[in-house]
Amino acid sequence: MRLDKYISSCTPLSRKDVKKLIKDGAVTVDGAAAKAPDDKVGENCLVTVNGKPVTLKKSVCLMLNKPAGVVSAVSDRDYKTVIDLIGEEYSYLDLFPIGRLDIDTEGLLLLTNDGALSHALTSPSKNVYKTYFARLDKEAEEEDIAAFAEGMEFKDFTAKSAVLEICENRKEVIIKIAEGKYHQVKRMCAKRGKNVVYLKRIAIGSLALDLGLAPGQYRELNQEEEELLKNISGI
Ligand code: URA
């Protein structure tokens, strides 16, 4: 790969920036100053910019605590998107959200540039459970637990068996669903005569939202979480 392409694909630098840095002698390849933007580099070359090694980042996954008021999309005409919350240092990575949360839903949203990972986590056949905390306008009843466990019939789809746990405050529930159909949690609760007044996703499979992340904050997954995700997605 050309040196300028290599560096611009793994840093926020443009090819024009890289050209200038090469001219200024700030780029080295395997210890020697780089000569030209079209120098060829391979996967095993050690490339540095201003003394710091740059490595091709094949795939990245960020955990975001999505705040209410932003849409789970890469771009939108009317609303701020989850991608607008992410800093410049990730802009060259072409991140996108894995699945969707409604505009008023908060909580765990993964952002990645890895299409295979996204597919594996959202494919209904993989049965990856998503866990939500919901606050309802009425108290949940024991019958709701059985109704969720049975699955529910809607005009456009059949919700598979889901788990509903009632918290000490009976207007608060934990819900686990295997699919991610449009408004699924809200629709399942509505079918039981309860409206969701607050919704937050707290886990995807066994990957839990970092409670240290305030709404709008994000971070890369640590190694342990990446392993968890590999197990959950099977890739
Ligand atoms: N179910 C919903 O109703 N909304 C979400 O954002 C996610 C699941």
# chains A, B, ... in the order shown; residues from 1 in each chain; ligands from 1

$ closest_atom_pairs --of "chain A" --to "ligand 1" --cutoff "10 Å" --atoms "only C-alpha atoms and all ligand atoms" --output "Markdown table"
| residue | atom | partner | partner_atom_place_in_ligand_line | distance |
| --- | --- | --- | --- | --- |
| A:Ala68 | CA | ligand 1 | 6 (O) | 9.9 |
| A:Ser72 | CA | ligand 1 | 6 (O) | 9.3 |
| A:Gly99 | CA | ligand 1 | 7 (C) | 9.3 |
| A:Arg100 | CA | ligand 1 | 6 (O) | 6.6 |
| A:Leu101 | CA | ligand 1 | 6 (O) | 3.5 |
| A:Asp102 | CA | ligand 1 | 6 (O) | 3.7 |
| A:Ile103 | CA | ligand 1 | 6 (O) | 7.1 |
| A:Asp104 | CA | ligand 1 | 6 (O) | 7.2 |
| A:Thr105 | CA | ligand 1 | 6 (O) | 4.9 |
| A:Glu106 | CA | ligand 1 | 6 (O) | 7.6 |
| A:Gly107 | CA | ligand 1 | 6 (O) | 9.2 |
| A:Lys130 | CA | ligand 1 | 8 (C) | 8.5 |
| A:Thr131 | CA | ligand 1 | 8 (C) | 9.1 |
| A:Tyr132 | CA | ligand 1 | 8 (C) | 7.6 |
| A:Ala134 | CA | ligand 1 | 2 (C) | 9.7 |
| A:Ile175 | CA | ligand 1 | 8 (C) | 9.6 |
| A:Lys176 | CA | ligand 1 | 8 (C) | 9.8 |
| A:Ile177 | CA | ligand 1 | 8 (C) | 8.5 |
| A:Glu179 | CA | ligand 1 | 8 (C) | 8.9 |
| A:Gly180 | CA | ligand 1 | 8 (C) | 6.2 |
| A:Lys181 | CA | ligand 1 | 1 (N) | 7.1 |
| A:Tyr182 | CA | ligand 1 | 2 (C) | 6.5 |
| A:His183 | CA | ligand 1 | 3 (O) | 3.1 |
| A:Gln184 | CA | ligand 1 | 1 (N) | 4.2 |
| A:Val185 | CA | ligand 1 | 1 (N) | 3.8 |
| A:Lys186 | CA | ligand 1 | 3 (O) | 3.9 |
| A:Arg187 | CA | ligand 1 | 3 (O) | 6.3 |
| A:Met188 | CA | ligand 1 | 3 (O) | 8.1 |
| A:Cys189 | CA | ligand 1 | 3 (O) | 8.7 |
| A:Ala190 | CA | ligand 1 | 3 (O) | 9.8 |
| A:Val196 | CA | ligand 1 | 3 (O) | 8.2 |
| A:Tyr198 | CA | ligand 1 | 4 (N) | 9.8 |
| A:Leu199 | CA | ligand 1 | 6 (O) | 7.1 |
| A:Lys200 | CA | ligand 1 | 6 (O) | 7.7 |
| A:Arg201 | CA | ligand 1 | 7 (C) | 7.2 |

$ write_last_selection --atoms "N, CA and C atoms" --output "mmCIF file, in the first residue's frame"
data_model
loop_
_atom_site.group_PDB
_atom_site.id
_atom_site.type_symbol
_atom_site.label_atom_id
_atom_site.label_comp_id
_atom_site.auth_asym_id
_atom_site.auth_seq_id
_atom_site.Cartn_x
_atom_site.Cartn_y
_atom_site.Cartn_z
ATOM 1 N N ALA A 68 -30.672 10.293 25.491
ATOM 2 C CA ALA A 68 -31.925 10.546 24.769
ATOM 3 C C ALA A 68 -31.708 11.764 23.873
ATOM 4 N N SER A 72 -29.972 6.849 16.291
ATOM 5 C CA SER A 72 -28.979 5.784 16.040
ATOM 6 C C SER A 72 -28.741 5.673 14.542
ATOM 7 N N GLY A 99 -27.231 -1.950 15.241
ATOM 8 C CA GLY A 99 -28.649 -1.932 15.611
ATOM 9 C C GLY A 99 -29.082 -0.518 15.962
ATOM 10 N N ARG A 100 -30.287 -0.423 16.509
ATOM 11 C CA ARG A 100 -30.856 0.898 16.796
ATOM 12 C C ARG A 100 -31.488 0.950 18.163
ATOM 13 N N LEU A 101 -31.414 2.119 18.758
ATOM 14 C CA LEU A 101 -32.243 2.433 19.921
ATOM 15 C C LEU A 101 -33.107 3.616 19.502
ATOM 16 N N ASP A 102 -34.330 3.685 20.020
ATOM 17 C CA ASP A 102 -35.200 4.817 19.689
ATOM 18 C C ASP A 102 -34.556 6.119 20.147
ATOM 19 N N ILE A 103 -35.036 7.210 19.599
ATOM 20 C CA ILE A 103 -34.445 8.516 19.937
ATOM 21 C C ILE A 103 -34.537 8.807 21.445
ATOM 22 N N ASP A 104 -35.614 8.320 22.077
ATOM 23 C CA ASP A 104 -35.772 8.608 23.511
ATOM 24 C C ASP A 104 -35.202 7.494 24.401
ATOM 25 N N THR A 105 -34.614 6.472 23.813
ATOM 26 C CA THR A 105 -34.013 5.386 24.612
ATOM 27 C C THR A 105 -32.554 5.713 24.908
ATOM 28 N N GLU A 106 -32.141 5.388 26.131
ATOM 29 C CA GLU A 106 -30.749 5.610 26.524
ATOM 30 C C GLU A 106 -30.024 4.267 26.603
ATOM 31 N N GLY A 107 -28.721 4.354 26.836
ATOM 32 C CA GLY A 107 -27.978 3.156 27.210
ATOM 33 C C GLY A 107 -27.040 2.589 26.178
ATOM 34 N N LYS A 130 -30.886 -8.942 24.463
ATOM 35 C CA LYS A 130 -30.613 -7.568 24.855
ATOM 36 C C LYS A 130 -31.415 -7.296 26.123
ATOM 37 N N THR A 131 -30.771 -6.691 27.094
ATOM 38 C CA THR A 131 -31.435 -6.455 28.376
ATOM 39 C C THR A 131 -31.739 -4.963 28.554
ATOM 40 N N TYR A 132 -32.972 -4.687 28.946
ATOM 41 C CA TYR A 132 -33.434 -3.302 29.112
ATOM 42 C C TYR A 132 -33.958 -3.086 30.519
ATOM 43 N N ALA A 134 -36.773 -0.777 32.200
ATOM 44 C CA ALA A 134 -37.892 0.071 31.766
ATOM 45 C C ALA A 134 -38.674 0.558 32.978
ATOM 46 N N ILE A 175 -36.253 -6.279 31.256
ATOM 47 C CA ILE A 175 -36.801 -7.057 30.132
ATOM 48 C C ILE A 175 -35.661 -7.571 29.260
ATOM 49 N N LYS A 176 -35.726 -8.856 28.906
ATOM 50 C CA LYS A 176 -34.713 -9.425 28.006
ATOM 51 C C LYS A 176 -35.410 -9.918 26.755
ATOM 52 N N ILE A 177 -34.974 -9.404 25.601
ATOM 53 C CA ILE A 177 -35.565 -9.859 24.333
ATOM 54 C C ILE A 177 -34.460 -10.334 23.402
ATOM 55 N N GLU A 179 -34.870 -10.513 19.912
ATOM 56 C CA GLU A 179 -34.853 -9.796 18.627
ATOM 57 C C GLU A 179 -34.694 -8.308 18.890
ATOM 58 N N GLY A 180 -34.743 -7.541 17.837
ATOM 59 C CA GLY A 180 -34.643 -6.091 18.008
ATOM 60 C C GLY A 180 -35.578 -5.411 17.032
ATOM 61 N N LYS A 181 -36.842 -5.813 17.081
ATOM 62 C CA LYS A 181 -37.819 -5.230 16.147
ATOM 63 C C LYS A 181 -38.166 -3.805 16.598
ATOM 64 N N TYR A 182 -38.645 -3.025 15.632
ATOM 65 C CA TYR A 182 -38.959 -1.622 15.862
ATOM 66 C C TYR A 182 -39.889 -1.458 17.076
ATOM 67 N N HIS A 183 -39.463 -0.660 18.051
ATOM 68 C CA HIS A 183 -40.260 -0.372 19.263
ATOM 69 C C HIS A 183 -40.665 -1.644 20.010
ATOM 70 N N GLN A 184 -39.868 -2.685 19.920
ATOM 71 C CA GLN A 184 -40.335 -3.988 20.435
ATOM 72 C C GLN A 184 -40.691 -3.965 21.922
ATOM 73 N N VAL A 185 -39.823 -3.398 22.748
ATOM 74 C CA VAL A 185 -40.102 -3.400 24.193
ATOM 75 C C VAL A 185 -41.366 -2.592 24.470
ATOM 76 N N LYS A 186 -41.448 -1.418 23.840
ATOM 77 C CA LYS A 186 -42.613 -0.554 24.083
ATOM 78 C C LYS A 186 -43.897 -1.247 23.619
ATOM 79 N N ARG A 187 -43.807 -1.937 22.481
ATOM 80 C CA ARG A 187 -45.006 -2.608 21.957
ATOM 81 C C ARG A 187 -45.402 -3.795 22.829
ATOM 82 N N MET A 188 -44.423 -4.523 23.335
ATOM 83 C CA MET A 188 -44.754 -5.678 24.194
ATOM 84 C C MET A 188 -45.397 -5.194 25.494
ATOM 85 N N CYS A 189 -44.880 -4.103 26.034
ATOM 86 C CA CYS A 189 -45.462 -3.572 27.277
ATOM 87 C C CYS A 189 -46.865 -3.029 26.992
ATOM 88 N N ALA A 190 -47.004 -2.340 25.849
ATOM 89 C CA ALA A 190 -48.317 -1.757 25.502
ATOM 90 C C ALA A 190 -49.369 -2.855 25.373
ATOM 91 N N VAL A 196 -44.343 2.481 28.394
ATOM 92 C CA VAL A 196 -42.969 2.681 28.862
ATOM 93 C C VAL A 196 -42.727 4.185 28.942
ATOM 94 N N TYR A 198 -39.759 5.360 30.446
ATOM 95 C CA TYR A 198 -38.296 5.527 30.383
ATOM 96 C C TYR A 198 -37.706 4.182 29.987
ATOM 97 N N LEU A 199 -36.738 4.216 29.060
ATOM 98 C CA LEU A 199 -36.144 2.952 28.608
ATOM 99 C C LEU A 199 -34.640 3.106 28.447
ATOM 100 N N LYS A 200 -33.925 2.116 28.995
ATOM 101 C CA LYS A 200 -32.454 2.142 28.899
ATOM 102 C C LYS A 200 -31.964 0.729 28.631
ATOM 103 N N ARG A 201 -31.112 0.551 27.612
ATOM 104 C CA ARG A 201 -30.519 -0.777 27.401
ATOM 105 C C ARG A 201 -29.305 -0.895 28.307
#

$ residues_around --residues "range 28-42 of chain A" --least-positions-apart "3" --cutoff "6 Å" --atoms "only C-alpha atoms" --output "list in words"
Met1, Arg2, Leu3, Asp4, Lys19, Cys45, Leu46, Val47 and Thr48 of chain A

$ residues_around --residues "Gly115 in chain A" --least-positions-apart "5" --cutoff "10 Å" --atoms "only C-alpha atoms" --output "JSON, numbers by chain"
{"A": [59, 95, 96, 98, 120]}

$ write_last_selection --atoms "C-alpha atoms" --output "PDB file, in the first residue's frame"
ATOM      1  CA  SER A  59     -11.718  -3.076  13.319  1.00  0.00           C
ATOM      2  CA  LEU A  95     -18.054   3.908  12.451  1.00  0.00           C
ATOM      3  CA  PHE A  96     -21.746   3.020  12.437  1.00  0.00           C
ATOM      4  CA  ILE A  98     -24.860  -1.837  15.645  1.00  0.00           C
ATOM      5  CA  ALA A 120     -23.604 -11.377  13.955  1.00  0.00           C
TER       6      ALA A 120
END

$ closest_residue --among "A:Val49, A:Ile166, A:Ala214, A:Val60" --to "Arg135 in chain A" --atoms "only C-alpha atoms"
A:Ile166

$ select_by_dssp --residues "range 23-141 of chain A" --states "alpha helix (DSSP H)" --output "JSON, numbers by chain"
{"A": [23, 115, 116, 117, 118, 119, 120, 121, 122]}

$ closest_residue --among "A:Tyr92, A:Tyr218, A:Phe133, A:Phe154" --to "Lys5 in chain A" --atoms "only C-alpha atoms"
A:Tyr92

$ decode --residues "range 59-77 of chain A" --atoms "N, CA and C atoms" --output "short mmCIF file (atom, residue, chain, number, x, y, z; two decimals), in the first residue's frame"
data_model
loop_
_atom_site.label_atom_id
_atom_site.label_comp_id
_atom_site.auth_asym_id
_atom_site.auth_seq_id
_atom_site.Cartn_x
_atom_site.Cartn_y
_atom_site.Cartn_z
N SER A 59 -10.34 -3.32 12.89
CA SER A 59 -11.72 -3.08 13.32
C SER A 59 -11.71 -2.51 14.73
N VAL A 60 -12.69 -1.69 14.99
CA VAL A 60 -12.77 -1.05 16.30
C VAL A 60 -14.21 -1.15 16.79
N CYS A 61 -14.38 -1.21 18.10
CA CYS A 61 -15.73 -1.24 18.66
C CYS A 61 -15.78 -0.33 19.88
N LEU A 62 -16.67 0.64 19.84
CA LEU A 62 -16.84 1.56 20.96
C LEU A 62 -18.13 1.24 21.69
N MET A 63 -18.08 1.39 23.02
CA MET A 63 -19.29 1.27 23.84
C MET A 63 -19.73 2.70 24.15
N LEU A 64 -20.97 3.02 23.74
CA LEU A 64 -21.50 4.37 23.99
C LEU A 64 -22.66 4.27 24.95
N ASN A 65 -22.73 5.18 25.90
CA ASN A 65 -23.97 5.31 26.69
C ASN A 65 -24.81 6.35 25.94
N LYS A 66 -25.70 5.86 25.11
CA LYS A 66 -26.48 6.77 24.26
C LYS A 66 -27.40 7.64 25.12
N PRO A 67 -27.34 8.94 24.92
CA PRO A 67 -28.30 9.79 25.63
C PRO A 67 -29.61 9.87 24.85
N ALA A 68 -30.67 10.29 25.49
CA ALA A 68 -31.93 10.55 24.77
C ALA A 68 -31.71 11.76 23.87
N GLY A 69 -32.48 11.82 22.77
CA GLY A 69 -32.42 13.02 21.91
C GLY A 69 -31.50 12.90 20.72
N VAL A 70 -30.77 11.79 20.59
CA VAL A 70 -29.94 11.58 19.40
C VAL A 70 -30.40 10.30 18.70
N VAL A 71 -30.26 10.29 17.37
CA VAL A 71 -30.73 9.13 16.62
C VAL A 71 -29.59 8.14 16.36
N SER A 72 -29.97 6.85 16.29
CA SER A 72 -28.98 5.78 16.04
C SER A 72 -28.74 5.67 14.54
N ALA A 73 -28.04 6.64 13.99
CA ALA A 73 -27.76 6.65 12.55
C ALA A 73 -26.42 7.33 12.33
N VAL A 74 -25.93 7.22 11.11
CA VAL A 74 -24.65 7.86 10.78
C VAL A 74 -24.88 9.33 10.41
N SER A 75 -26.00 9.58 9.74
CA SER A 75 -26.33 10.97 9.42
C SER A 75 -27.84 11.14 9.43
N ASP A 76 -28.27 12.36 9.68
CA ASP A 76 -29.71 12.62 9.73
C ASP A 76 -29.93 14.10 9.41
N ARG A 77 -31.00 14.37 8.67
CA ARG A 77 -31.28 15.75 8.27
C ARG A 77 -31.72 16.60 9.45
#
